[in-house]
>>> print(open('run_19.tsv').read())   # TSV, C-alpha atoms
chain	number	residue	atom	x	y	z
U	593	MET	CA	0.00	0.00	0.00
U	594	LEU	CA	2.77	2.47	0.82
U	595	PRO	CA	4.27	2.51	-2.68
U	596	THR	CA	0.81	3.03	-4.18
U	597	LEU	CA	0.08	5.91	-1.81
U	598	PHE	CA	3.48	7.48	-2.53
U	599	ALA	CA	2.85	7.26	-6.26
U	600	ALA	CA	-0.53	8.90	-5.83
U	601	VAL	CA	1.03	11.76	-3.89
U	602	LEU	CA	3.64	12.25	-6.63
U	603	VAL	CA	0.91	12.38	-9.27
U	604	PHE	CA	-1.01	14.96	-7.22
U	605	LEU	CA	2.04	17.14	-6.70
U	606	SER	CA	2.96	17.00	-10.38
U	607	GLN	CA	-0.42	18.38	-11.47
U	608	PRO	CA	-0.94	22.18	-11.69
U	609	GLN	CA	-2.48	23.33	-8.43
U	610	PRO	CA	-5.06	26.14	-8.27
U	611	VAL	CA	-3.44	29.46	-7.34
U	612	GLN	CA	-4.88	30.85	-4.12
U	613	ALA	CA	-6.06	34.41	-4.41
U	614	GLY	CA	-4.36	36.79	-2.02
U	615	LYS	CA	-6.31	38.45	0.77
U	616	TYR	CA	-6.46	41.80	-1.03
U	617	ASP	CA	-6.43	40.73	-4.69
U	618	ALA	CA	-10.08	41.51	-5.47
U	619	GLN	CA	-9.98	44.85	-3.65
U	620	PHE	CA	-6.70	45.68	-5.39
U	621	ARG	CA	-8.22	44.97	-8.80
U	622	GLN	CA	-11.16	47.20	-7.94
U	623	PHE	CA	-8.73	49.95	-6.89
U	624	LEU	CA	-6.86	49.70	-10.19
U	625	ASN	CA	-10.04	49.75	-12.29
U	626	ASN	CA	-11.87	52.49	-10.38
U	627	GLU	CA	-9.03	54.82	-9.40
U	628	VAL	CA	-5.79	54.20	-11.26
U	629	VAL	CA	-7.15	53.58	-14.75
U	630	PRO	CA	-9.34	56.72	-14.93
U	631	ALA	CA	-6.57	58.91	-13.47
U	632	ALA	CA	-4.01	57.43	-15.86
U	633	ARG	CA	-6.28	57.95	-18.86
U	634	ARG	CA	-6.73	61.60	-17.88
U	635	ALA	CA	-2.93	61.89	-17.69
U	636	GLY	CA	-2.55	60.60	-21.24
U	637	VAL	CA	-1.81	56.90	-20.69
U	638	SER	CA	-3.45	54.81	-23.41
U	639	GLN	CA	-5.90	52.03	-22.69
U	640	ALA	CA	-3.62	49.63	-24.54
U	641	THR	CA	-0.75	50.46	-22.15
U	642	LEU	CA	-3.01	50.02	-19.13
U	643	ASP	CA	-4.35	46.70	-20.38
U	644	ARG	CA	-0.86	45.42	-21.05
U	645	GLU	CA	0.87	46.59	-17.85
U	646	LEU	CA	-1.89	46.06	-15.30
U	647	ALA	CA	-3.15	42.68	-16.52
U	648	GLY	CA	-2.89	40.05	-13.81
U	649	LEU	CA	-1.20	42.46	-11.39
U	650	THR	CA	-1.44	41.54	-7.71
U	651	PRO	CA	-0.21	43.48	-4.67
U	652	ASP	CA	3.13	42.62	-3.11
U	653	THR	CA	2.12	42.48	0.55
U	654	SER	CA	5.70	41.62	1.60
U	655	LEU	CA	6.84	45.23	1.15
U	656	PRO	CA	7.81	46.94	4.42
U	657	GLY	CA	5.76	49.76	5.92
U	658	LEU	CA	2.37	48.92	4.38
U	659	VAL	CA	-0.67	49.97	6.41
U	660	GLY	CA	-3.70	48.58	4.55
U	661	PRO	CA	-6.06	49.42	1.69
U	662	GLY	CA	-6.56	53.13	1.24
U	663	GLY	CA	-3.62	53.85	3.49
U	664	LYS	CA	-6.06	53.82	6.40
U	665	GLY	CA	-4.38	51.33	8.70
U	666	SER	CA	-1.96	52.10	11.49
U	667	PRO	CA	1.58	52.87	10.32
U	668	PRO	CA	4.38	50.83	11.88
U	669	LYS	CA	5.40	52.33	15.18
U	670	VAL	CA	8.83	53.88	15.41
U	671	ASN	CA	11.00	51.85	17.73
U	672	PHE	CA	12.06	54.57	20.12
U	673	GLN	CA	13.84	51.96	22.23
U	674	ALA	CA	16.26	51.39	19.36
U	675	GLU	CA	19.81	52.63	19.71
U	676	PHE	CA	20.41	56.14	18.45
U	677	ARG	CA	23.15	55.89	15.82
U	678	SER	CA	25.77	58.60	15.89
U	679	PRO	CA	27.07	60.05	12.59
U	680	ALA	CA	30.43	58.33	13.07
U	681	ARG	CA	28.80	55.03	12.09
U	682	TYR	CA	28.34	56.29	8.53
U	683	PHE	CA	31.97	57.24	7.97
U	684	ARG	CA	34.01	54.10	8.56
U	685	ASP	CA	37.15	54.12	6.40
U	686	SER	CA	36.40	50.60	5.17
U	687	GLN	CA	33.34	51.87	3.28
U	688	PHE	CA	35.30	54.54	1.46
U	689	ASN	CA	38.27	52.28	0.79
U	690	SER	CA	35.92	49.84	-0.95
U	691	LEU	CA	34.34	52.54	-3.14
U	692	VAL	CA	37.31	54.73	-4.10
U	693	PRO	CA	39.11	52.27	-6.44
U	694	GLY	CA	35.95	51.59	-8.46
U	695	GLY	CA	35.25	55.29	-8.78
U	696	ARG	CA	38.75	55.97	-10.00
U	697	ARG	CA	38.47	53.21	-12.62
U	698	LEU	CA	35.15	54.57	-13.86
U	699	MET	CA	36.60	58.08	-13.96
U	700	GLN	CA	39.24	56.82	-16.38
U	701	LYS	CA	36.87	54.60	-18.34
U	702	HIS	CA	34.40	57.43	-18.93
U	703	ALA	CA	36.89	60.30	-19.03
U	704	ASP	CA	35.60	61.77	-22.31
U	705	ALA	CA	31.93	61.40	-21.41
U	706	LEU	CA	32.48	62.94	-17.97
U	707	VAL	CA	34.23	65.96	-19.48
U	708	ARG	CA	31.24	66.53	-21.74
U	709	ILE	CA	28.71	65.95	-18.96
U	710	GLU	CA	30.51	68.36	-16.65
U	711	ALA	CA	30.69	70.97	-19.42
U	712	ARG	CA	26.96	70.66	-20.07
U	713	TYR	CA	25.67	70.62	-16.48
U	714	GLY	CA	28.46	72.19	-14.42
U	715	VAL	CA	28.55	69.33	-11.89
U	716	PRO	CA	32.02	67.91	-11.11
U	717	LYS	CA	32.64	64.33	-12.20
U	718	ARG	CA	33.68	63.31	-8.70
U	719	ILE	CA	30.29	64.40	-7.31
U	720	ILE	CA	28.46	62.47	-10.04
U	721	LEU	CA	30.44	59.33	-9.29
U	722	ALA	CA	30.01	59.67	-5.54
U	723	ILE	CA	26.21	59.79	-5.84
U	724	TRP	CA	26.28	56.86	-8.24
U	725	ALA	CA	28.35	54.95	-5.67
U	726	ARG	CA	26.04	55.81	-2.78
U	727	GLU	CA	22.84	54.99	-4.65
U	728	SER	CA	23.74	51.69	-6.27
U	729	GLY	CA	27.43	50.88	-5.79
U	730	TYR	CA	28.13	52.08	-9.37
U	731	GLY	CA	25.30	49.84	-10.58
U	732	GLY	CA	26.46	46.76	-8.70
U	733	ALA	CA	23.65	46.74	-6.15
U	734	LYS	CA	20.80	44.30	-6.64
U	735	ILE	CA	17.63	46.18	-7.55
U	736	PRO	CA	15.15	43.31	-7.79
U	737	TYR	CA	11.59	44.62	-7.66
U	738	ASP	CA	9.02	45.08	-10.45
U	739	ALA	CA	8.59	48.85	-10.33
U	740	VAL	CA	4.95	48.83	-11.44
U	741	ARG	CA	3.95	46.25	-8.85
U	742	VAL	CA	5.77	48.11	-6.09
U	743	LEU	CA	4.23	51.46	-6.97
U	744	ALA	CA	0.75	50.01	-7.39
U	745	THR	CA	1.00	48.26	-4.02
U	746	GLN	CA	2.22	51.41	-2.30
U	747	ALA	CA	-0.60	53.41	-3.91
U	748	PHE	CA	-3.13	50.81	-2.75
U	749	MET	CA	-1.97	50.18	0.81
U	750	GLY	CA	1.09	52.30	1.59
U	751	GLN	CA	1.37	55.28	3.91
U	752	ARG	CA	1.30	57.87	1.06
U	753	PRO	CA	-1.30	56.55	-1.40
U	754	ASP	CA	-1.80	59.77	-3.39
U	755	PHE	CA	1.94	60.28	-3.82
U	756	PHE	CA	2.50	56.74	-5.06
U	757	GLN	CA	-0.51	56.79	-7.36
U	758	GLY	CA	1.15	59.73	-9.10
U	759	GLU	CA	4.41	57.79	-9.30
U	760	LEU	CA	2.58	54.74	-10.69
U	761	ILE	CA	1.05	56.84	-13.46
U	762	ALA	CA	4.50	58.30	-14.21
U	763	ALA	CA	5.88	54.75	-14.47
U	764	LEU	CA	3.11	53.81	-16.92
U	765	LYS	CA	4.04	56.85	-19.02
U	766	ILE	CA	7.66	55.67	-19.12
U	767	LEU	CA	6.57	52.26	-20.37
U	768	GLN	CA	4.26	53.85	-22.93
U	769	ASN	CA	7.17	55.96	-24.21
U	770	GLY	CA	9.20	52.79	-24.77
U	771	ASP	CA	12.38	53.81	-22.95
U	772	VAL	CA	12.50	50.50	-21.06
U	773	SER	CA	10.73	47.17	-21.07
U	774	ARG	CA	8.57	46.10	-18.15
U	775	ARG	CA	10.96	43.22	-17.45
U	776	ALA	CA	13.92	45.62	-17.20
U	777	MET	CA	12.06	48.31	-15.21
U	778	LYS	CA	13.44	47.36	-11.79
U	779	SER	CA	13.19	49.39	-8.61
U	780	SER	CA	13.81	49.30	-4.89
U	781	TRP	CA	10.97	48.38	-2.51
U	782	GLY	CA	10.24	52.11	-2.32
U	783	GLY	CA	9.90	52.50	-6.09
U	784	ALA	CA	13.27	54.19	-6.79
U	785	MET	CA	14.51	52.97	-10.14
U	786	GLY	CA	17.77	52.02	-11.72
U	787	GLN	CA	21.35	52.95	-10.97
U	788	PRO	CA	20.68	56.58	-9.89
U	789	GLN	CA	17.56	55.50	-7.94
U	790	PHE	CA	15.10	57.92	-9.53
U	791	LEU	CA	11.42	57.83	-8.74
U	792	PRO	CA	9.40	57.73	-11.98
U	793	SER	CA	8.45	61.41	-11.78
U	794	SER	CA	12.12	62.33	-11.44
U	795	TYR	CA	12.93	60.06	-14.36
U	796	LEU	CA	10.45	61.89	-16.58
U	797	LYS	CA	11.97	65.26	-15.60
U	798	TYR	CA	15.68	64.52	-15.37
U	799	ALA	CA	16.69	61.27	-17.10
U	800	ILE	CA	18.99	61.86	-20.08
U	801	ASP	CA	19.81	59.84	-23.19
U	802	PHE	CA	23.52	60.65	-23.26
U	803	ASP	CA	24.79	57.66	-25.22
U	804	GLY	CA	22.55	58.58	-28.17
U	805	ASP	CA	20.72	55.28	-28.57
U	806	GLY	CA	17.31	56.95	-28.40
U	807	LYS	CA	16.44	55.64	-24.94
U	808	ARG	CA	16.88	57.16	-21.50
U	809	ASN	CA	18.30	54.06	-19.89
U	810	ILE	CA	19.21	54.47	-16.21
U	811	TRP	CA	19.15	50.69	-15.68
U	812	THR	CA	22.07	49.52	-17.82
U	813	SER	CA	23.62	52.57	-19.52
U	814	GLU	CA	26.45	54.07	-17.49
U	815	ALA	CA	26.58	57.19	-19.66
U	816	ASP	CA	22.84	57.83	-19.25
U	817	THR	CA	23.13	57.22	-15.51
U	818	MET	CA	25.94	59.74	-15.04
U	819	ALA	CA	24.30	62.41	-17.19
U	820	SER	CA	20.96	61.93	-15.44
U	821	ILE	CA	22.55	62.45	-12.02
U	822	ALA	CA	24.27	65.60	-13.26
U	823	HIS	CA	21.06	66.93	-14.81
U	824	TYR	CA	19.17	66.33	-11.55
U	825	LEU	CA	21.72	68.28	-9.51
U	826	SER	CA	21.94	71.08	-12.07
U	827	ALA	CA	18.16	71.43	-12.17
U	828	HIS	CA	18.08	71.64	-8.37
U	829	GLY	CA	20.47	74.57	-8.26
U	830	TRP	CA	24.04	73.26	-8.37
U	831	GLN	CA	26.33	76.28	-8.54
U	832	LYS	CA	29.00	75.71	-11.15
U	833	GLY	CA	32.55	76.25	-9.95
U	834	ARG	CA	31.77	75.86	-6.25
U	835	ASP	CA	32.62	72.91	-4.05
U	836	TRP	CA	30.22	71.24	-1.59
U	837	GLY	CA	32.16	72.38	1.48
U	838	TYR	CA	35.44	72.33	3.39
U	839	GLU	CA	36.57	70.66	6.59
U	840	VAL	CA	37.77	73.35	8.99
U	841	HIS	CA	39.19	74.10	12.38
U	842	LEU	CA	36.39	75.92	14.18
U	843	PRO	CA	37.78	77.96	17.07
U	844	ASN	CA	36.05	77.75	20.45
U	845	THR	CA	35.34	81.46	20.16
U	846	ILE	CA	32.68	80.61	17.56
U	847	SER	CA	29.65	79.04	19.18
U	848	CYS	CA	28.29	75.83	17.70
U	849	THR	CA	24.84	77.41	18.05
U	850	ARG	CA	25.60	79.36	14.87
U	851	GLU	CA	25.29	76.21	12.78
U	852	GLY	CA	22.76	76.01	9.97
U	853	PRO	CA	21.96	77.21	6.45
U	854	ASP	CA	19.81	79.98	7.91
U	855	ASN	CA	22.98	81.42	9.47
U	856	ARG	CA	24.96	81.85	6.26
U	857	GLN	CA	27.52	84.58	5.83
U	858	LYS	CA	30.39	85.27	3.46
U	859	ILE	CA	33.18	82.73	3.90
U	860	SER	CA	35.58	85.67	4.22
U	861	GLY	CA	33.67	86.59	7.38
U	862	PHE	CA	34.38	83.18	8.90
U	863	VAL	CA	38.04	83.52	7.95
U	864	GLY	CA	38.09	86.87	9.76
U	865	GLU	CA	36.83	85.07	12.88
U	866	GLY	CA	39.67	82.56	12.77
U	867	VAL	CA	38.18	79.68	10.78
U	868	LYS	CA	40.88	77.80	8.84
U	869	ARG	CA	40.83	74.85	6.47
U	870	VAL	CA	42.32	71.67	7.96
U	871	SER	CA	44.51	71.32	4.88
U	872	GLY	CA	46.33	74.51	5.78
U	873	ARG	CA	45.53	75.93	2.35
U	874	PRO	CA	43.47	79.11	2.08
U	875	PHE	CA	39.92	79.04	0.79
U	876	PRO	CA	39.80	79.63	-2.97
U	877	ASP	CA	39.46	83.32	-3.77
U	878	HIS	CA	36.14	82.82	-5.57
U	879	GLU	CA	34.71	81.08	-2.49
U	880	LEU	CA	35.64	83.88	-0.10
U	881	ARG	CA	33.10	86.15	-1.75
U	882	GLN	CA	30.36	83.53	-1.53
U	883	ALA	CA	28.15	82.47	1.36
U	884	GLY	CA	28.70	79.44	3.52
U	885	ASN	CA	27.53	78.11	6.87
U	886	ILE	CA	28.82	76.08	9.77
U	887	LEU	CA	28.05	72.36	9.63
U	888	LEU	CA	28.63	70.21	12.73
U	889	PRO	CA	27.12	66.75	12.18
U	890	ALA	CA	28.00	65.70	15.74
U	891	GLY	CA	28.33	69.09	17.37
U	892	ARG	CA	31.72	69.57	19.01
U	893	TYR	CA	32.09	65.76	19.14
U	894	GLY	CA	33.02	65.45	15.47
U	895	PRO	CA	34.61	67.19	12.48
U	896	ALA	CA	33.57	70.74	11.57
U	897	PHE	CA	32.81	72.09	8.13
U	898	ILE	CA	31.93	75.21	6.21
U	899	ALA	CA	29.20	74.05	3.84
U	900	THR	CA	28.31	75.84	0.63
U	901	GLU	CA	24.89	76.00	-0.95
U	902	ASN	CA	25.87	72.99	-3.05
U	903	PHE	CA	25.82	70.85	0.10
U	904	TYR	CA	22.11	71.53	0.30
U	905	VAL	CA	21.69	70.67	-3.38
U	906	LEU	CA	23.10	67.24	-2.49
U	907	LYS	CA	20.40	67.05	0.18
U	908	LYS	CA	17.81	67.43	-2.59
U	909	TYR	CA	18.84	63.93	-3.60
U	910	ASN	CA	18.35	62.62	-0.07
U	911	GLU	CA	17.21	64.84	2.81
U	912	SER	CA	19.98	63.85	5.22
U	913	ASP	CA	23.08	65.65	6.43
U	914	THR	CA	24.95	62.36	6.70
U	915	TYR	CA	23.99	61.40	3.12
U	916	ALA	CA	25.21	64.69	1.68
U	917	LEU	CA	28.39	64.59	3.77
U	918	PHE	CA	29.06	61.00	2.71
U	919	VAL	CA	28.76	61.99	-0.95
U	920	GLY	CA	30.97	65.06	-0.55
U	921	HIS	CA	33.60	63.17	1.43
U	922	LEU	CA	33.71	60.27	-1.03
U	923	ALA	CA	34.06	62.76	-3.88
U	924	ASP	CA	37.09	64.27	-2.12
U	925	ARG	CA	38.65	60.84	-1.55
U	926	TYR	CA	38.83	60.02	-5.25
U	927	GLY	CA	41.80	62.39	-5.16
U	928	SER	CA	43.68	61.73	-1.94
U	929	ASN	CA	42.02	58.84	-0.13
U	930	LYS	CA	42.24	60.32	3.33
U	931	GLY	CA	39.65	60.47	6.08
U	932	PHE	CA	38.54	63.51	8.03
U	933	VAL	CA	41.23	65.31	10.02
U	934	GLY	CA	38.84	65.97	12.88
U	935	GLY	CA	38.06	62.84	14.83
U	936	TRP	CA	34.76	61.52	16.14
U	937	LYS	CA	34.98	61.71	19.91
U	938	PRO	CA	33.47	58.95	22.06
U	939	MET	CA	29.77	59.60	22.57
U	940	GLN	CA	27.32	58.58	25.22
U	941	GLU	CA	25.13	55.72	24.03
U	942	THR	CA	21.46	56.56	24.03
U	943	THR	CA	18.16	55.69	22.36
U	944	ARG	CA	15.86	57.46	19.92
U	945	GLY	CA	13.36	57.70	22.76
U	946	ALA	CA	15.83	59.52	24.99
U	947	VAL	CA	16.63	61.93	22.15
U	948	ARG	CA	12.92	62.52	21.57
U	949	ASN	CA	12.40	63.22	25.27
U	950	LEU	CA	15.22	65.76	25.13
U	951	GLN	CA	13.69	67.36	22.03
U	952	GLN	CA	10.30	67.61	23.74
U	953	ARG	CA	11.91	69.24	26.77
U	954	LEU	CA	13.69	71.76	24.53
U	955	GLU	CA	10.43	72.50	22.72
U	956	GLY	CA	8.84	73.14	26.10
U	957	LEU	CA	11.55	75.75	26.69
U	958	GLY	CA	10.67	77.48	23.43
U	959	HIS	CA	13.36	76.01	21.16
U	960	ASP	CA	12.76	74.99	17.54
U	961	VAL	CA	14.23	71.49	17.27
U	962	GLY	CA	12.79	70.74	13.84
U	963	GLY	CA	10.37	68.15	15.20
U	964	ALA	CA	10.64	65.68	18.09
U	965	ASP	CA	11.40	62.55	16.09
U	966	GLY	CA	14.37	61.12	17.95
U	967	LEU	CA	16.78	62.22	15.22
U	968	ILE	CA	19.25	65.07	15.53
U	969	GLY	CA	19.34	67.69	12.80
U	970	PHE	CA	21.01	71.07	12.96
U	971	LYS	CA	18.02	72.68	14.68
U	972	THR	CA	18.18	70.15	17.50
U	973	ARG	CA	21.95	70.45	17.75
U	974	ARG	CA	21.97	74.22	18.14
U	975	SER	CA	18.98	74.12	20.49
U	976	ILE	CA	20.98	71.81	22.75
U	977	GLY	CA	23.87	74.28	22.56
U	978	LYS	CA	21.70	77.26	23.41
U	979	ASP	CA	20.34	75.43	26.43
U	980	GLN	CA	23.88	74.52	27.50
U	981	GLU	CA	25.03	78.13	27.22
U	982	LYS	CA	21.97	79.40	29.08
U	983	ASN	CA	22.90	77.13	31.97
U	984	GLY	CA	26.51	78.30	32.06
U	985	PHE	CA	28.15	75.45	30.18
U	986	PHE	CA	30.42	75.43	27.13
U	987	ALA	CA	28.14	74.53	24.23
U	988	THR	CA	28.85	71.17	22.58
U	989	CYS	CA	25.57	71.03	20.64
U	990	TRP	CA	25.29	67.31	21.27
U	991	VAL	CA	23.52	64.99	23.66
U	992	GLY	CA	25.32	64.14	26.87
>>> encode(input="run_19.tsv", output="structure tokens")
Amino acid sequence: MLPTLFAAVLVFLSQPQPVQAGKYDAQFRQFLNNEVVPAARRAGVSQATLDRELAGLTPDTSLPGLVGPGGKGSPPKVNFQAEFRSPARYFRDSQFNSLVPGGRRLMQKHADALVRIEARYGVPKRIILAIWARESGYGGAKIPYDAVRVLATQAFMGQRPDFFQGELIAALKILQNGDVSRRAMKSSWGGAMGQPQFLPSSYLKYAIDFDGDGKRNIWTSEADTMASIAHYLSAHGWQKGRDWGYEVHLPNTISCTREGPDNRQKISGFVGEGVKRVSGRPFPDHELRQAGNILLPAGRYGPAFIATENFYVLKKYNESDTYALFVGHLADRYGSNKGFVGGWKPMQETTRGAVRNLQQRLEGLGHDVGGADGLIGFKTRRSIGKDQEKNGFFATCWVG
């Protein structure tokens, strides 16, 4: 009997089994038909494109951060018990040492193209390469998701449904234009596509066909990827001829509470107050006439910088001081692969919850901390410093 039963099981398993419908499949299909299709048609997407790209589409409920149909569920709670990560964690030499050689090789490989891209958009090649490295490891990172499925799922049950519905329609326009096949249109779980990690709306605005093949291909074309990054930065205000910033010695006579882009002044003014570049070289003459501001990612517990307005253009790519500083620092290390001169001093370990409690206390005292979220931006840093000075202490502009 056992062999007969085993054979029967094998026969059963070898037959095609009915596919179980997912919990939200019917509701998802209704969402596509009633909301996405009409909105896409109004935006100029053809019915043929919609039929082709949305046929058989199901939601990917494995994506992180989903809240439920209509975006009406409860968003995942922030783990305020989690360790607060200091900026030093982002600047380990091993990361830069692994990225610098590849960037230098690509700089040589694409020397002619980079000269032309820089001439057209005014963005230095080292900045272009550093963003490319940070976003996708020069295209080596695995970007595995079906962009349309991701965007449709986020529009259906993510935390920003209206935003992602717009991005889904932009993605459908890209497919209708024929720049990329659906199979090749890969994204992150958040819908950012290709080697420069553009959302579809950014692709439509800023992607460039630089290799002249008639397609704006940010998935496999290195030339298109580099030019698209440069175009994005140029369109967001990159100032040609200026650097992103300079590491400096910031004398104790200058309070850390003066940090921030809303406290800009001419760089010559900072020089007059005793600010010096760590390299020992003077600031370039053309920079002295321009505005800059103090940047202290870890208050007095880390390196100090004078940031230019281009630093904040880098933040248009990713709204994070550490991101922009990582890109700027990596760009510098393509030349001389050296770390910051200023060290990261040992810091008191704490949690996001403790930081949030501190922010709430500072808000209660009338300070603008930029929101009590358990993260430390420049508004929180200088608020800490102002409170320290008010209580008779030397301002460090950092927790602890």
>>> closest_atom_pairs(input="run_19.tsv", of="range 792-845 of chain U", to="range 896-904 of chain U", cutoff="8 Å", atoms="only C-alpha atoms", output="CSV")
residue,atom,partner,partner_atom,distance
U:Gly829,CA,U:Asn902,CA,7.7
U:Trp830,CA,U:Asn902,CA,5.6
U:Gln831,CA,U:Asn902,CA,6.4
U:Arg834,CA,U:Asn902,CA,7.3
U:Asp835,CA,U:Asn902,CA,6.8
U:Trp836,CA,U:Phe903,CA,4.7
U:Gly837,CA,U:Ala899,CA,4.1
U:Tyr838,CA,U:Ile898,CA,5.3
U:Glu839,CA,U:Phe897,CA,4.3
U:Val840,CA,U:Phe897,CA,5.2
U:His841,CA,U:Ala896,CA,6.6
U:Leu842,CA,U:Ala896,CA,6.4
>>> closest_residue(input="run_19.tsv", among="U:Ala987, U:Met749, U:Lys765, U:Ile821", to="Gly665 in chain U", atoms="all atoms listed in the file")
U:Met749
>>> closest_residue(input="run_19.tsv", among="U:Arg925, U:His823, U:Lys797, U:Lys778", to="Asp738 in chain U", atoms="all atoms listed in the file")
U:Lys778
>>> residues_around(input="run_19.tsv", residues="Pro736 in chain U", least_positions_apart="5", cutoff="9 Å", atoms="all atoms listed in the file", output="short mmCIF file (atom, residue, chain, number, x, y, z; two decimals) with C-alpha atoms, in the coordinates of the input")
data_model
loop_
_atom_site.label_atom_id
_atom_site.label_comp_id
_atom_site.auth_asym_id
_atom_site.auth_seq_id
_atom_site.Cartn_x
_atom_site.Cartn_y
_atom_site.Cartn_z
CA LYS U 778 13.44 47.36 -11.79
CA SER U 779 13.19 49.39 -8.61
CA SER U 780 13.81 49.30 -4.89
CA TRP U 781 10.97 48.38 -2.51
#
>>> residues_around(input="run_19.tsv", residues="Ser847 in chain U", least_positions_apart="4", cutoff="9 Å", atoms="only C-alpha atoms", output="list in words")
Leu842, Pro843, Glu851, Gly977, Phe986, Ala987 and Thr988 of chain U
>>> atom_distance(input="run_19.tsv", atom1="CA of Tyr730 in chain U", atom2="CA of Ala680 in chain U")
23.4 Å
>>> atom_distance(input="run_19.tsv", atom1="CA of Gly894 in chain U", atom2="CA of Ile720 in chain U")
26.1 Å
>>> residues_around(input="run_19.tsv", residues="Asp979 in chain U", least_positions_apart="4", cutoff="8 Å", atoms="all atoms listed in the file", output="list in words")
Leu954, Ser975 and Asn983 of chain U
>>> residues_near_point(input="run_19.tsv", point="(25.1, 63.1, -9.7)", cutoff="9 Å", atoms="all atoms listed in the file", output="PyMOL selection string")
chain U and resi 715-724+788+817-826+906+909
>>> residues_around(input="run_19.tsv", residues="Gly852 in chain U", least_positions_apart="6", cutoff="9 Å", atoms="all atoms listed in the file", output="CSV table (one decimal) with C-alpha atoms, keeping the file's coordinate frame")
chain,number,residue,atom,x,y,z
U,885,ASN,CA,27.5,78.1,6.9
U,886,ILE,CA,28.8,76.1,9.8
U,887,LEU,CA,28.0,72.4,9.6
U,888,LEU,CA,28.6,70.2,12.7
U,970,PHE,CA,21.0,71.1,13.0
U,971,LYS,CA,18.0,72.7,14.7
U,974,ARG,CA,22.0,74.2,18.1
>>> atom_distance(input="run_19.tsv", atom1="CA of Val740 in chain U", atom2="CA of Val919 in chain U")
29.2 Å
>>> closest_residue(input="run_19.tsv", among="U:Pro667, U:Gly636, U:Gly927, U:Gly984", to="Pro693 in chain U", atoms="all atoms listed in the file")
U:Gly927
>>> closest_residue(input="run_19.tsv", among="U:Gly695, U:Glu727, U:Gln951, U:Arg712", to="Asp924 in chain U", atoms="all atoms listed in the file")
U:Gly695
>>> closest_residue(input="run_19.tsv", among="U:Gly945, U:Ala916, U:His702, U:Val991", to="Ala674 in chain U", atoms="all atoms listed in the file")
U:Gly945
>>> build_atoms(input="run_19.tsv", residues="range 918-929 of chain U", atoms="N, CA and C atoms", output="JSON list (two decimals), keeping the file's coordinate frame")
[["chain", "number", "residue", "atom", "x", "y", "z"],
["U", 918, "PHE", "N", 28.45, 62.21, 3.25],
["U", 918, "PHE", "CA", 29.06, 61.00, 2.71],
["U", 918, "PHE", "C", 29.44, 61.21, 1.25],
["U", 919, "VAL", "N", 28.51, 61.76, 0.47],
["U", 919, "VAL", "CA", 28.76, 61.99, -0.95],
["U", 919, "VAL", "C", 29.93, 62.97, -1.14],
["U", 920, "GLY", "N", 29.90, 64.08, -0.41],
["U", 920, "GLY", "CA", 30.97, 65.06, -0.55],
["U", 920, "GLY", "C", 32.32, 64.50, -0.15],
["U", 921, "HIS", "N", 32.33, 63.74, 0.95],
["U", 921, "HIS", "CA", 33.60, 63.17, 1.43],
["U", 921, "HIS", "C", 34.14, 62.12, 0.46],
["U", 922, "LEU", "N", 33.26, 61.26, -0.04],
["U", 922, "LEU", "CA", 33.71, 60.27, -1.03],
["U", 922, "LEU", "C", 34.25, 60.96, -2.27],
["U", 923, "ALA", "N", 33.58, 62.01, -2.72],
["U", 923, "ALA", "CA", 34.06, 62.76, -3.88],
["U", 923, "ALA", "C", 35.47, 63.29, -3.65],
["U", 924, "ASP", "N", 35.75, 63.76, -2.45],
["U", 924, "ASP", "CA", 37.09, 64.27, -2.12],
["U", 924, "ASP", "C", 38.12, 63.13, -2.13],
["U", 925, "ARG", "N", 37.69, 61.95, -1.70],
["U", 925, "ARG", "CA", 38.65, 60.84, -1.55],
["U", 925, "ARG", "C", 39.03, 60.18, -2.86],
["U", 926, "TYR", "N", 38.35, 60.50, -3.95],
["U", 926, "TYR", "CA", 38.83, 60.02, -5.25],
["U", 926, "TYR", "C", 40.19, 60.62, -5.56],
["U", 927, "GLY", "N", 40.48, 61.78, -4.99],
["U", 927, "GLY", "CA", 41.80, 62.39, -5.16],
["U", 927, "GLY", "C", 42.77, 61.75, -4.19],
["U", 928, "SER", "N", 42.83, 62.30, -2.99],
["U", 928, "SER", "CA", 43.68, 61.73, -1.94],
["U", 928, "SER", "C", 42.77, 60.98, -0.98],
["U", 929, "ASN", "N", 42.93, 59.67, -0.92],
["U", 929, "ASN", "CA", 42.02, 58.84, -0.13],
["U", 929, "ASN", "C", 42.34, 58.93, 1.36]]
